[in-house]
>>> print(open('start.txt').read())   # compact mmCIF, C-alpha atoms
# COMPACT_ATOMS: atom_id res chain seq x y z
CA MET A 1 -5.21 0.06 7.59
CA THR A 2 -5.42 2.81 10.22
CA PRO A 3 -2.32 4.75 11.37
CA ALA A 4 -2.74 3.28 14.86
CA ALA A 5 -2.77 -0.27 13.50
CA LEU A 6 0.28 0.43 11.35
CA LEU A 7 2.16 1.85 14.31
CA GLN A 8 1.30 -1.23 16.39
CA TRP A 9 2.61 -3.44 13.57
CA PHE A 10 5.87 -1.46 13.45
CA ASP A 11 6.18 -1.61 17.24
CA GLU A 12 5.85 -5.40 17.18
CA LEU A 13 8.35 -5.78 14.35
CA SER A 14 10.84 -3.54 16.13
CA LYS A 15 10.46 -5.50 19.35
CA ASN A 16 10.85 -8.88 17.62
CA ARG A 17 13.68 -8.02 15.24
CA PRO A 18 16.37 -10.74 15.48
CA SER A 19 19.92 -9.82 16.34
CA GLN A 20 22.48 -10.04 13.56
CA ASN A 21 23.75 -13.39 14.85
CA GLU A 22 20.19 -14.75 14.96
CA ALA A 23 19.52 -13.44 11.46
CA MET A 24 22.58 -15.15 9.92
CA SER A 25 22.98 -18.84 9.16
CA ASN A 26 26.29 -20.16 7.84
CA PHE A 27 26.97 -17.93 4.84
CA SER A 28 23.51 -16.52 4.29
CA ILE A 29 20.52 -15.03 6.06
CA SER A 30 18.60 -17.45 8.31
CA GLU A 31 14.96 -18.45 7.99
CA ARG A 32 14.09 -16.22 10.95
CA GLY A 33 15.95 -13.28 9.45
CA SER A 34 14.26 -13.77 6.07
CA ALA A 35 10.84 -13.98 7.72
CA TRP A 36 11.38 -10.75 9.66
CA ARG A 37 12.71 -8.94 6.60
CA ALA A 38 9.70 -10.05 4.53
CA SER A 39 7.27 -8.90 7.24
CA ALA A 40 9.08 -5.57 7.58
CA ALA A 41 8.97 -5.05 3.81
CA SER A 42 5.23 -5.73 3.85
CA ALA A 43 4.69 -3.23 6.66
CA MET A 44 6.78 -0.60 4.88
CA SER A 45 4.80 -1.00 1.66
CA ARG A 46 1.49 -0.66 3.54
CA ALA A 47 2.61 2.39 5.48
CA PHE A 48 4.25 4.49 2.78
CA PRO A 49 3.54 5.38 -0.86
CA PRO A 50 6.17 4.05 -3.31
CA VAL A 51 7.45 7.58 -3.99
CA LEU A 52 8.72 8.04 -0.42
CA ARG A 53 12.46 7.74 0.06
CA PHE A 54 12.05 5.06 2.73
CA LEU A 55 11.10 2.41 0.18
CA VAL A 56 13.84 3.50 -2.21
CA GLU A 57 16.41 3.23 0.56
CA TRP A 58 15.00 -0.16 1.56
CA ASP A 59 15.58 -1.55 -1.93
CA LEU A 60 19.07 -0.06 -2.05
CA ALA A 61 19.90 -1.62 1.33
CA LEU A 62 18.96 -5.07 0.07
CA GLY A 63 21.35 -4.70 -2.83
CA ASP A 64 21.27 -6.09 -6.34
CA PRO A 65 20.05 -9.74 -6.33
CA LYS A 66 22.31 -10.52 -9.31
CA LYS A 67 25.34 -9.25 -7.42
CA ARG A 68 24.35 -11.31 -4.39
CA ALA A 69 24.02 -14.45 -6.50
CA SER A 70 27.49 -13.97 -8.00
CA LEU A 71 29.30 -13.68 -4.65
CA ARG A 72 31.34 -16.50 -3.16
CA ALA A 73 30.10 -17.87 0.13
CA MET A 74 32.75 -16.15 2.23
CA TYR A 75 31.82 -12.76 0.78
CA LEU A 76 28.09 -13.41 0.79
CA LEU A 77 28.03 -13.51 4.59
CA GLU A 78 29.60 -10.04 4.80
CA PHE A 79 27.21 -8.80 2.14
CA GLU A 80 24.20 -10.10 4.08
CA ARG A 81 25.49 -8.66 7.35
CA ALA A 82 25.87 -5.25 5.77
CA ALA A 83 22.41 -5.53 4.22
CA TRP A 84 20.90 -6.57 7.56
CA THR A 85 22.39 -3.54 9.28
CA ALA A 86 21.25 -1.25 6.48
CA VAL A 87 17.63 -2.46 6.37
CA GLY A 88 17.51 -2.21 10.15
CA GLY A 89 18.53 1.42 9.95
CA VAL A 90 15.95 2.18 7.25
CA PHE A 91 13.22 0.43 9.24
CA ALA A 92 14.15 2.26 12.45
CA SER A 93 14.02 5.61 10.64
CA ALA A 94 10.63 4.82 9.09
CA HIS A 95 9.34 3.65 12.48
CA ASP A 96 10.47 6.91 14.10
CA GLN A 97 8.78 9.01 11.41
CA LEU A 98 5.57 7.02 11.73
CA ARG A 99 5.63 7.23 15.53
CA SER A 100 6.11 11.01 15.47
CA GLY A 101 3.22 11.48 13.02
CA ARG A 102 5.39 13.25 10.44
CA VAL A 103 4.64 10.85 7.62
CA GLU A 104 0.87 11.06 7.94
CA GLY A 105 0.87 14.71 6.85
CA LEU A 106 3.08 13.91 3.88
CA VAL A 107 0.90 10.97 2.87
CA ASP A 108 -2.15 13.24 3.07
CA SER A 109 -0.42 15.71 0.76
CA ILE A 110 0.43 12.99 -1.74
CA ARG A 111 -3.12 11.63 -1.65
CA ALA A 112 -4.56 15.14 -2.11
CA ALA A 113 -2.30 15.69 -5.12
CA ALA A 114 -3.48 12.37 -6.59
CA GLU A 115 -7.13 13.32 -6.04
CA ASP A 116 -6.53 16.67 -7.75
CA GLU A 117 -4.91 14.91 -10.70
CA VAL A 118 -7.87 12.56 -11.10
CA LEU A 119 -10.30 15.49 -10.97
CA GLU A 120 -8.25 17.30 -13.62
CA GLN A 121 -8.55 14.23 -15.84
CA ALA A 122 -12.30 14.21 -15.24
CA GLU A 123 -12.38 17.91 -16.15
CA ALA A 124 -10.65 17.20 -19.45
CA LEU A 125 -13.02 14.33 -20.25
CA LEU A 126 -16.04 16.44 -19.46
CA GLY A 127 -14.69 19.17 -21.70
CA SER A 128 -14.80 16.62 -24.53
CA ASP A 129 -18.32 15.62 -23.45
CA HIS A 130 -17.28 12.17 -22.20
CA ARG A 131 -19.84 12.35 -19.43
CA SER A 132 -19.72 8.74 -18.27
CA ALA A 133 -15.94 8.58 -17.94
CA ALA A 134 -15.85 11.96 -16.20
CA SER A 135 -18.43 10.80 -13.67
CA VAL A 136 -16.58 7.55 -12.96
CA LEU A 137 -13.29 9.37 -12.36
CA THR A 138 -14.96 11.99 -10.17
CA GLY A 139 -16.56 9.23 -8.13
CA GLY A 140 -13.19 7.50 -7.83
CA ALA A 141 -11.60 10.62 -6.35
CA LEU A 142 -14.51 10.93 -3.92
CA GLU A 143 -14.22 7.27 -2.87
CA VAL A 144 -10.50 7.59 -2.12
CA HIS A 145 -11.15 10.73 -0.07
CA LEU A 146 -13.95 9.09 1.93
CA ARG A 147 -11.77 6.08 2.68
CA ARG A 148 -9.05 8.37 3.98
CA LEU A 149 -11.57 10.16 6.22
CA CYS A 150 -12.62 6.80 7.66
CA GLU A 151 -9.03 5.70 8.22
CA LYS A 152 -8.07 9.02 9.77
CA ASN A 153 -10.93 8.76 12.25
CA GLN A 154 -10.42 5.03 12.83
CA LEU A 155 -13.84 4.04 11.47
CA SER A 156 -14.63 0.56 10.20
CA TRP A 157 -17.00 -0.48 7.44
CA GLU A 158 -18.60 -3.71 6.31
CA GLY A 159 -17.25 -5.70 3.38
CA HIS A 160 -15.39 -4.08 0.52
CA GLY A 161 -15.11 -0.33 0.63
CA SER A 162 -17.32 1.87 -1.51
CA ILE A 163 -18.73 5.39 -1.48
CA ASP A 164 -21.88 4.09 0.19
CA LYS A 165 -20.02 1.99 2.78
CA TYR A 166 -17.71 4.84 3.78
CA ASN A 167 -20.58 7.34 3.86
CA THR A 168 -22.57 4.96 6.09
CA ALA A 169 -19.63 4.54 8.48
CA ILE A 170 -19.28 8.32 8.73
CA ALA A 171 -23.04 8.70 9.32
CA GLN A 172 -22.87 6.15 12.15
CA ALA A 173 -19.98 8.09 13.69
CA ARG A 174 -21.99 11.30 13.41
CA ASN A 175 -24.89 9.66 15.25
CA SER A 176 -22.40 8.75 17.99
CA GLY A 177 -21.21 12.34 18.30
CA VAL A 178 -18.23 12.32 15.92
CA ALA A 179 -19.10 14.87 13.23
CA ILE A 180 -16.78 14.45 10.25
CA TYR A 181 -19.30 16.16 7.97
CA GLU A 182 -22.95 17.10 8.26
CA LYS A 183 -26.02 15.07 7.31
CA ALA A 184 -26.68 17.32 4.30
CA ASP A 185 -23.19 16.51 3.01
CA GLY A 186 -23.96 12.83 3.50
CA SER A 187 -27.09 13.12 1.36
CA GLN A 188 -25.06 14.84 -1.37
CA VAL A 189 -22.40 12.13 -1.20
CA THR A 190 -25.15 9.53 -1.70
CA SER A 191 -26.35 11.35 -4.82
CA TRP A 192 -22.83 11.53 -6.22
CA GLY A 193 -22.32 7.85 -5.52
CA GLN A 194 -25.51 7.00 -7.41
CA LEU A 195 -24.35 9.03 -10.41
CA ARG A 196 -20.98 7.29 -10.35
CA ASN A 197 -22.67 3.87 -10.25
CA GLU A 198 -25.00 4.74 -13.12
CA ALA A 199 -22.07 5.83 -15.25
CA ALA A 200 -20.00 2.75 -14.40
CA HIS A 201 -22.75 0.15 -14.91
CA ASP A 202 -24.36 1.50 -18.09
CA PRO A 203 -22.26 4.24 -19.71
CA ALA A 204 -24.42 4.50 -22.85
CA LYS A 205 -27.64 4.91 -20.89
CA PHE A 206 -25.96 7.42 -18.60
CA ALA A 207 -24.76 9.51 -21.54
CA ALA A 208 -28.26 9.46 -23.04
CA ASN A 209 -30.05 10.44 -19.82
CA ARG A 210 -27.60 12.71 -18.00
CA THR A 211 -26.59 16.15 -19.24
CA GLN A 212 -23.18 17.69 -19.27
CA ALA A 213 -24.48 20.28 -16.80
CA GLU A 214 -25.39 17.54 -14.30
CA VAL A 215 -21.91 16.04 -14.49
CA ARG A 216 -20.44 19.53 -14.13
CA LEU A 217 -22.40 20.01 -10.90
CA MET A 218 -21.08 16.67 -9.63
CA LEU A 219 -17.48 17.49 -10.52
CA ASP A 220 -17.56 20.96 -8.99
CA GLY A 221 -19.40 19.65 -5.93
CA VAL A 222 -16.92 16.84 -5.29
CA ARG A 223 -13.98 19.20 -5.76
CA GLY A 224 -15.44 21.63 -3.24
CA PHE A 225 -16.29 18.82 -0.80
CA ILE A 226 -12.74 17.43 -0.89
CA ALA A 227 -11.27 20.91 -0.35
CA ARG A 228 -13.60 21.60 2.57
CA ILE A 229 -13.68 18.24 4.40
CA ARG A 230 -10.17 17.19 5.37
>>> encode(input="start.txt", output="structure tokens")
Amino acid sequence: MTPAALLQWFDELSKNRPSQNEAMSNFSISERGSAWRASAASAMSRAFPPVLRFLVEWDLALGDPKKRASLRAMYLLEFERAAWTAVGGVFASAHDQLRSGRVEGLVDSIRAAAEDEVLEQAEALLGSDHRSAASVLTGGALEVHLRRLCEKNQLSWEGHGSIDKYNTAIAQARNSGVAIYEKADGSQVTSWGQLRNEAAHDPAKFAANRTQAEVRLMLDGVRGFIARIR
């Protein structure tokens, strides 16, 4: 989901958030309040990685379900009112961070760290001459990076995402004047995607036909590509 689409979702949720009176029914949260809270939780989980404090604070605001279940009706209403206020504050803060563009840079940093970790795992596997596994992991890091490039530039692709689908979307953008990376890079990405597919579909054949040096070139190439194309 693109940042623009996420922001639109948050804007709509903020606009349609029920008041506290509308969100409460007798001694519990109303159907409308529950529906909004579920939609807001879904939007939060799509917008932010689990490690971000927003999602931790969201869970804390909702409180312990066991504690909620043990409360008498008269106290449950106060509990739900406090929770409603708290989740509203967390959502408003997350919305503000998303609107100002501050979170996108942090998410990029987290994703880059994850890509680096996957490439380090591929490095270790290659060091033990596990060529197929190293190629699959390297291709996985490349695929995640390509998807992020598409999302960042608001590009769409057909069907389920893949290295080839993302590379094609970026090539189409380049033909329209949006140069995310050059045609030569696109050809190299295609080659890396083919190696990844070979390793994933028939690991034994890949290990028999592909040398450690070839996988090394792929790993070093993908690492350099990710560092260069942001």
>>> residues_around(input="start.txt", residues="stretch 26-31 of chain A", least_positions_apart="2", cutoff="6 Å", atoms="all atoms listed in the file", output="PyMOL selection string")
chain A and resi 23-24+33-34+73+77
>>> closest_residue(input="start.txt", among="A:Glu143, A:Asp129, A:Glu120, A:Glu22", to="A:Gln212", atoms="only C-alpha atoms")
A:Asp129
>>> closest_residue(input="start.txt", among="A:Val56, A:Leu6, A:Leu98, A:Ala82", to="A:Gln20", atoms="all atoms listed in the file")
A:Ala82
>>> closest_residue(input="start.txt", among="A:Ala200, A:Leu142, A:Ala41, A:Val90", to="A:Arg223", atoms="only C-alpha atoms")
A:Leu142
>>> closest_residue(input="start.txt", among="A:Ser162, A:Asn167, A:Asn175, A:Thr211", to="A:Thr190", atoms="all atoms listed in the file")
A:Asn167
>>> residues_near_point(input="start.txt", point="(21.1, -3.6, 4.6)", cutoff="9 Å", atoms="only C-alpha atoms", output="ChimeraX atom specification")
/A:58-63,79-90
>>> closest_residue(input="start.txt", among="A:Ser135, A:Ser45, A:Gln154, A:Ser128", to="A:Trp192", atoms="all atoms listed in the file")
A:Ser135
>>> atom_distance(input="start.txt", atom1="atom CA of A:Pro203", atom2="atom CA of A:Ser132")
5.4 Å
>>> residues_around(input="start.txt", residues="A:Lys183", least_positions_apart="5", cutoff="10 Å", atoms="all atoms listed in the file", output="PyMOL selection string")
chain A and resi 170-171+174-175+188-189
>>> residues_around(input="start.txt", residues="A:Leu125", least_positions_apart="5", cutoff="12 Å", atoms="only C-alpha atoms", output="ChimeraX atom specification")
/A:118-120,130-138,212,215-216,219
>>> closest_residue(input="start.txt", among="A:Arg148, A:Phe225, A:Gly101, A:Asp220", to="A:Gly186", atoms="all atoms listed in the file")
A:Phe225
>>> residues_around(input="start.txt", residues="A:Val144", least_positions_apart="5", cutoff="12 Å", atoms="all atoms listed in the file", output="list in words")
Asp108, Arg111, Ala112, Ala113, Ala114, Glu115, Asp116, Val118, Leu119, Leu137, Thr138, Gly139, Leu149, Cys150, Glu151, Gly161, Ser162, Ile163, Tyr166, Asn167, Val222 and Ile226 of chain A
>>> decode(input="start.txt", residues="stretch 48-192 of chain A", atoms="C-alpha atoms", output="PDB file, in the first residue's frame")
ATOM      1  CA  PHE A  48       3.864   0.757  10.801  1.00  0.00           C
ATOM      2  CA  PRO A  49       6.236  -2.136  11.522  1.00  0.00           C
ATOM      3  CA  PRO A  50       5.459  -3.989  14.788  1.00  0.00           C
ATOM      4  CA  VAL A  51       8.614  -2.628  16.429  1.00  0.00           C
ATOM      5  CA  LEU A  52       7.361   0.976  16.331  1.00  0.00           C
ATOM      6  CA  ARG A  53       6.116   2.394  19.615  1.00  0.00           C
ATOM      7  CA  PHE A  54       2.759   3.342  18.105  1.00  0.00           C
ATOM      8  CA  LEU A  55       1.585  -0.272  18.000  1.00  0.00           C
ATOM      9  CA  VAL A  56       2.925  -0.981  21.476  1.00  0.00           C
ATOM     10  CA  GLU A  57       1.056   2.032  22.843  1.00  0.00           C
ATOM     11  CA  TRP A  58      -2.082   0.949  20.968  1.00  0.00           C
ATOM     12  CA  ASP A  59      -2.078  -2.434  22.698  1.00  0.00           C
ATOM     13  CA  LEU A  60      -1.427  -0.822  26.070  1.00  0.00           C
ATOM     14  CA  ALA A  61      -4.322   1.596  25.522  1.00  0.00           C
ATOM     15  CA  LEU A  62      -6.725  -1.272  24.902  1.00  0.00           C
ATOM     16  CA  GLY A  63      -5.758  -2.835  28.204  1.00  0.00           C
ATOM     17  CA  ASP A  64      -5.608  -6.431  29.335  1.00  0.00           C
ATOM     18  CA  PRO A  65      -8.626  -8.400  27.979  1.00  0.00           C
ATOM     19  CA  LYS A  66      -8.635 -10.581  31.121  1.00  0.00           C
ATOM     20  CA  LYS A  67      -8.870  -7.498  33.323  1.00  0.00           C
ATOM     21  CA  ARG A  68     -11.699  -6.148  31.181  1.00  0.00           C
ATOM     22  CA  ALA A  69     -13.616  -9.419  31.459  1.00  0.00           C
ATOM     23  CA  SER A  70     -13.324  -9.419  35.257  1.00  0.00           C
ATOM     24  CA  LEU A  71     -14.755  -5.906  35.737  1.00  0.00           C
ATOM     25  CA  ARG A  72     -18.292  -5.276  36.927  1.00  0.00           C
ATOM     26  CA  ALA A  73     -20.555  -3.476  34.484  1.00  0.00           C
ATOM     27  CA  MET A  74     -20.389  -0.139  36.283  1.00  0.00           C
ATOM     28  CA  TYR A  75     -16.591  -0.156  36.154  1.00  0.00           C
ATOM     29  CA  LEU A  76     -16.396  -1.565  32.640  1.00  0.00           C
ATOM     30  CA  LEU A  77     -17.958   1.583  31.195  1.00  0.00           C
ATOM     31  CA  GLU A  78     -15.264   3.769  32.782  1.00  0.00           C
ATOM     32  CA  PHE A  79     -12.607   1.335  31.598  1.00  0.00           C
ATOM     33  CA  GLU A  80     -13.898   1.491  28.016  1.00  0.00           C
ATOM     34  CA  ARG A  81     -14.169   5.282  28.111  1.00  0.00           C
ATOM     35  CA  ALA A  82     -10.567   5.568  29.237  1.00  0.00           C
ATOM     36  CA  ALA A  83      -9.481   3.079  26.571  1.00  0.00           C
ATOM     37  CA  TRP A  84     -11.411   4.981  23.894  1.00  0.00           C
ATOM     38  CA  THR A  85      -9.679   8.228  24.823  1.00  0.00           C
ATOM     39  CA  ALA A  86      -6.289   6.522  24.922  1.00  0.00           C
ATOM     40  CA  VAL A  87      -6.572   4.796  21.526  1.00  0.00           C
ATOM     41  CA  GLY A  88      -7.810   8.063  20.049  1.00  0.00           C
ATOM     42  CA  GLY A  89      -4.686   9.802  21.279  1.00  0.00           C
ATOM     43  CA  VAL A  90      -2.408   7.075  19.908  1.00  0.00           C
ATOM     44  CA  PHE A  91      -4.182   7.149  16.548  1.00  0.00           C
ATOM     45  CA  ALA A  92      -3.997  10.953  16.350  1.00  0.00           C
ATOM     46  CA  SER A  93      -0.256  10.860  17.082  1.00  0.00           C
ATOM     47  CA  ALA A  94       0.348   8.176  14.455  1.00  0.00           C
ATOM     48  CA  HIS A  95      -1.753  10.129  11.948  1.00  0.00           C
ATOM     49  CA  ASP A  96       0.293  13.275  12.595  1.00  0.00           C
ATOM     50  CA  GLN A  97       3.585  11.417  12.134  1.00  0.00           C
ATOM     51  CA  LEU A  98       2.347   9.831   8.914  1.00  0.00           C
ATOM     52  CA  ARG A  99       1.037  13.152   7.594  1.00  0.00           C
ATOM     53  CA  SER A 100       4.346  14.914   8.285  1.00  0.00           C
ATOM     54  CA  GLY A 101       6.335  12.180   6.523  1.00  0.00           C
ATOM     55  CA  ARG A 102       8.475  11.441   9.582  1.00  0.00           C
ATOM     56  CA  VAL A 103       7.582   7.768   9.772  1.00  0.00           C
ATOM     57  CA  GLU A 104       8.444   6.985   6.164  1.00  0.00           C
ATOM     58  CA  GLY A 105      12.136   7.675   6.779  1.00  0.00           C
ATOM     59  CA  LEU A 106      12.121   5.484   9.871  1.00  0.00           C
ATOM     60  CA  VAL A 107      10.340   2.679   8.034  1.00  0.00           C
ATOM     61  CA  ASP A 108      12.931   2.920   5.261  1.00  0.00           C
ATOM     62  CA  SER A 109      15.684   2.583   7.857  1.00  0.00           C
ATOM     63  CA  ILE A 110      14.053  -0.473   9.401  1.00  0.00           C
ATOM     64  CA  ARG A 111      13.549  -2.068   5.989  1.00  0.00           C
ATOM     65  CA  ALA A 112      17.175  -1.347   5.024  1.00  0.00           C
ATOM     66  CA  ALA A 113      18.368  -2.966   8.248  1.00  0.00           C
ATOM     67  CA  ALA A 114      16.225  -6.027   7.499  1.00  0.00           C
ATOM     68  CA  GLU A 115      17.626  -6.256   3.966  1.00  0.00           C
ATOM     69  CA  ASP A 116      21.168  -6.043   5.342  1.00  0.00           C
ATOM     70  CA  GLU A 117      20.407  -8.814   7.816  1.00  0.00           C
ATOM     71  CA  VAL A 118      19.081 -11.093   5.072  1.00  0.00           C
ATOM     72  CA  LEU A 119      22.163 -10.429   2.945  1.00  0.00           C
ATOM     73  CA  GLU A 120      24.395 -11.240   5.915  1.00  0.00           C
ATOM     74  CA  GLN A 121      22.581 -14.560   6.270  1.00  0.00           C
ATOM     75  CA  ALA A 122      23.110 -15.201   2.560  1.00  0.00           C
ATOM     76  CA  GLU A 123      26.800 -14.372   3.034  1.00  0.00           C
ATOM     77  CA  ALA A 124      27.095 -16.940   5.809  1.00  0.00           C
ATOM     78  CA  LEU A 125      25.335 -19.602   3.729  1.00  0.00           C
ATOM     79  CA  LEU A 126      27.552 -18.920   0.756  1.00  0.00           C
ATOM     80  CA  GLY A 127      30.592 -19.203   2.988  1.00  0.00           C
ATOM     81  CA  SER A 128      29.440 -22.751   3.772  1.00  0.00           C
ATOM     82  CA  ASP A 129      28.857 -23.352   0.044  1.00  0.00           C
ATOM     83  CA  HIS A 130      25.057 -23.494   0.357  1.00  0.00           C
ATOM     84  CA  ARG A 131      24.668 -21.855  -3.020  1.00  0.00           C
ATOM     85  CA  SER A 132      20.952 -22.428  -3.547  1.00  0.00           C
ATOM     86  CA  ALA A 133      19.893 -21.071  -0.160  1.00  0.00           C
ATOM     87  CA  ALA A 134      22.222 -18.086  -0.509  1.00  0.00           C
ATOM     88  CA  SER A 135      20.726 -17.242  -3.903  1.00  0.00           C
ATOM     89  CA  VAL A 136      17.152 -17.516  -2.628  1.00  0.00           C
ATOM     90  CA  LEU A 137      17.858 -15.208   0.314  1.00  0.00           C
ATOM     91  CA  THR A 138      19.692 -12.710  -1.885  1.00  0.00           C
ATOM     92  CA  GLY A 139      16.757 -12.689  -4.279  1.00  0.00           C
ATOM     93  CA  GLY A 140      14.386 -12.171  -1.358  1.00  0.00           C
ATOM     94  CA  ALA A 141      16.263  -9.063  -0.238  1.00  0.00           C
ATOM     95  CA  LEU A 142      16.197  -7.760  -3.807  1.00  0.00           C
ATOM     96  CA  GLU A 143      12.452  -8.401  -4.133  1.00  0.00           C
ATOM     97  CA  VAL A 144      11.663  -6.495  -0.931  1.00  0.00           C
ATOM     98  CA  HIS A 145      13.803  -3.577  -2.103  1.00  0.00           C
ATOM     99  CA  LEU A 146      12.144  -3.464  -5.533  1.00  0.00           C
ATOM    100  CA  ARG A 147       8.695  -3.490  -3.953  1.00  0.00           C
ATOM    101  CA  ARG A 148       9.667  -0.557  -1.770  1.00  0.00           C
ATOM    102  CA  LEU A 149      10.923   1.357  -4.825  1.00  0.00           C
ATOM    103  CA  CYS A 150       7.569   0.774  -6.521  1.00  0.00           C
ATOM    104  CA  GLU A 151       5.603   1.855  -3.450  1.00  0.00           C
ATOM    105  CA  LYS A 152       7.778   4.920  -2.935  1.00  0.00           C
ATOM    106  CA  ASN A 153       7.174   6.025  -6.510  1.00  0.00           C
ATOM    107  CA  GLN A 154       3.492   5.024  -6.461  1.00  0.00           C
ATOM    108  CA  LEU A 155       3.860   2.411  -9.202  1.00  0.00           C
ATOM    109  CA  SER A 156       1.409  -0.440  -9.678  1.00  0.00           C
ATOM    110  CA  TRP A 157       2.051  -3.948 -10.935  1.00  0.00           C
ATOM    111  CA  GLU A 158      -0.060  -6.814 -12.198  1.00  0.00           C
ATOM    112  CA  GLY A 159      -0.978  -9.757  -9.985  1.00  0.00           C
ATOM    113  CA  HIS A 160       1.198 -10.889  -7.120  1.00  0.00           C
ATOM    114  CA  GLY A 161       4.455  -9.060  -6.686  1.00  0.00           C
ATOM    115  CA  SER A 162       7.733 -10.569  -7.824  1.00  0.00           C
ATOM    116  CA  ILE A 163      11.168  -9.427  -8.942  1.00  0.00           C
ATOM    117  CA  ASP A 164      10.011  -9.547 -12.553  1.00  0.00           C
ATOM    118  CA  LYS A 165       6.725  -7.711 -11.892  1.00  0.00           C
ATOM    119  CA  TYR A 166       8.405  -4.913  -9.943  1.00  0.00           C
ATOM    120  CA  ASN A 167      11.211  -4.616 -12.500  1.00  0.00           C
ATOM    121  CA  THR A 168       8.623  -4.388 -15.300  1.00  0.00           C
ATOM    122  CA  ALA A 169       6.696  -1.659 -13.460  1.00  0.00           C
ATOM    123  CA  ILE A 170       9.907   0.327 -13.012  1.00  0.00           C
ATOM    124  CA  ALA A 171      10.813  -0.156 -16.697  1.00  0.00           C
ATOM    125  CA  GLN A 172       7.379   1.166 -17.722  1.00  0.00           C
ATOM    126  CA  ALA A 173       7.900   4.198 -15.481  1.00  0.00           C
ATOM    127  CA  ARG A 174      11.315   4.768 -17.063  1.00  0.00           C
ATOM    128  CA  ASN A 175       9.728   4.716 -20.523  1.00  0.00           C
ATOM    129  CA  SER A 176       7.322   7.389 -19.265  1.00  0.00           C
ATOM    130  CA  GLY A 177      10.162   9.593 -18.062  1.00  0.00           C
ATOM    131  CA  VAL A 178      10.450   8.476 -14.419  1.00  0.00           C
ATOM    132  CA  ALA A 179      13.979   7.064 -14.104  1.00  0.00           C
ATOM    133  CA  ILE A 180      14.280   5.065 -10.883  1.00  0.00           C
ATOM    134  CA  TYR A 181      17.228   3.130 -12.299  1.00  0.00           C
ATOM    135  CA  GLU A 182      18.727   2.683 -15.738  1.00  0.00           C
ATOM    136  CA  LYS A 183      17.923   0.049 -18.365  1.00  0.00           C
ATOM    137  CA  ALA A 184      21.259  -1.699 -17.740  1.00  0.00           C
ATOM    138  CA  ASP A 185      20.306  -2.087 -14.079  1.00  0.00           C
ATOM    139  CA  GLY A 186      16.975  -3.526 -15.185  1.00  0.00           C
ATOM    140  CA  SER A 187      18.737  -6.159 -17.295  1.00  0.00           C
ATOM    141  CA  GLN A 188      20.920  -7.088 -14.320  1.00  0.00           C
ATOM    142  CA  VAL A 189      17.863  -7.334 -12.064  1.00  0.00           C
ATOM    143  CA  THR A 190      16.308  -9.735 -14.590  1.00  0.00           C
ATOM    144  CA  SER A 191      19.418 -11.928 -14.460  1.00  0.00           C
ATOM    145  CA  TRP A 192      19.391 -11.969 -10.661  1.00  0.00           C
TER     146      TRP A 192
END
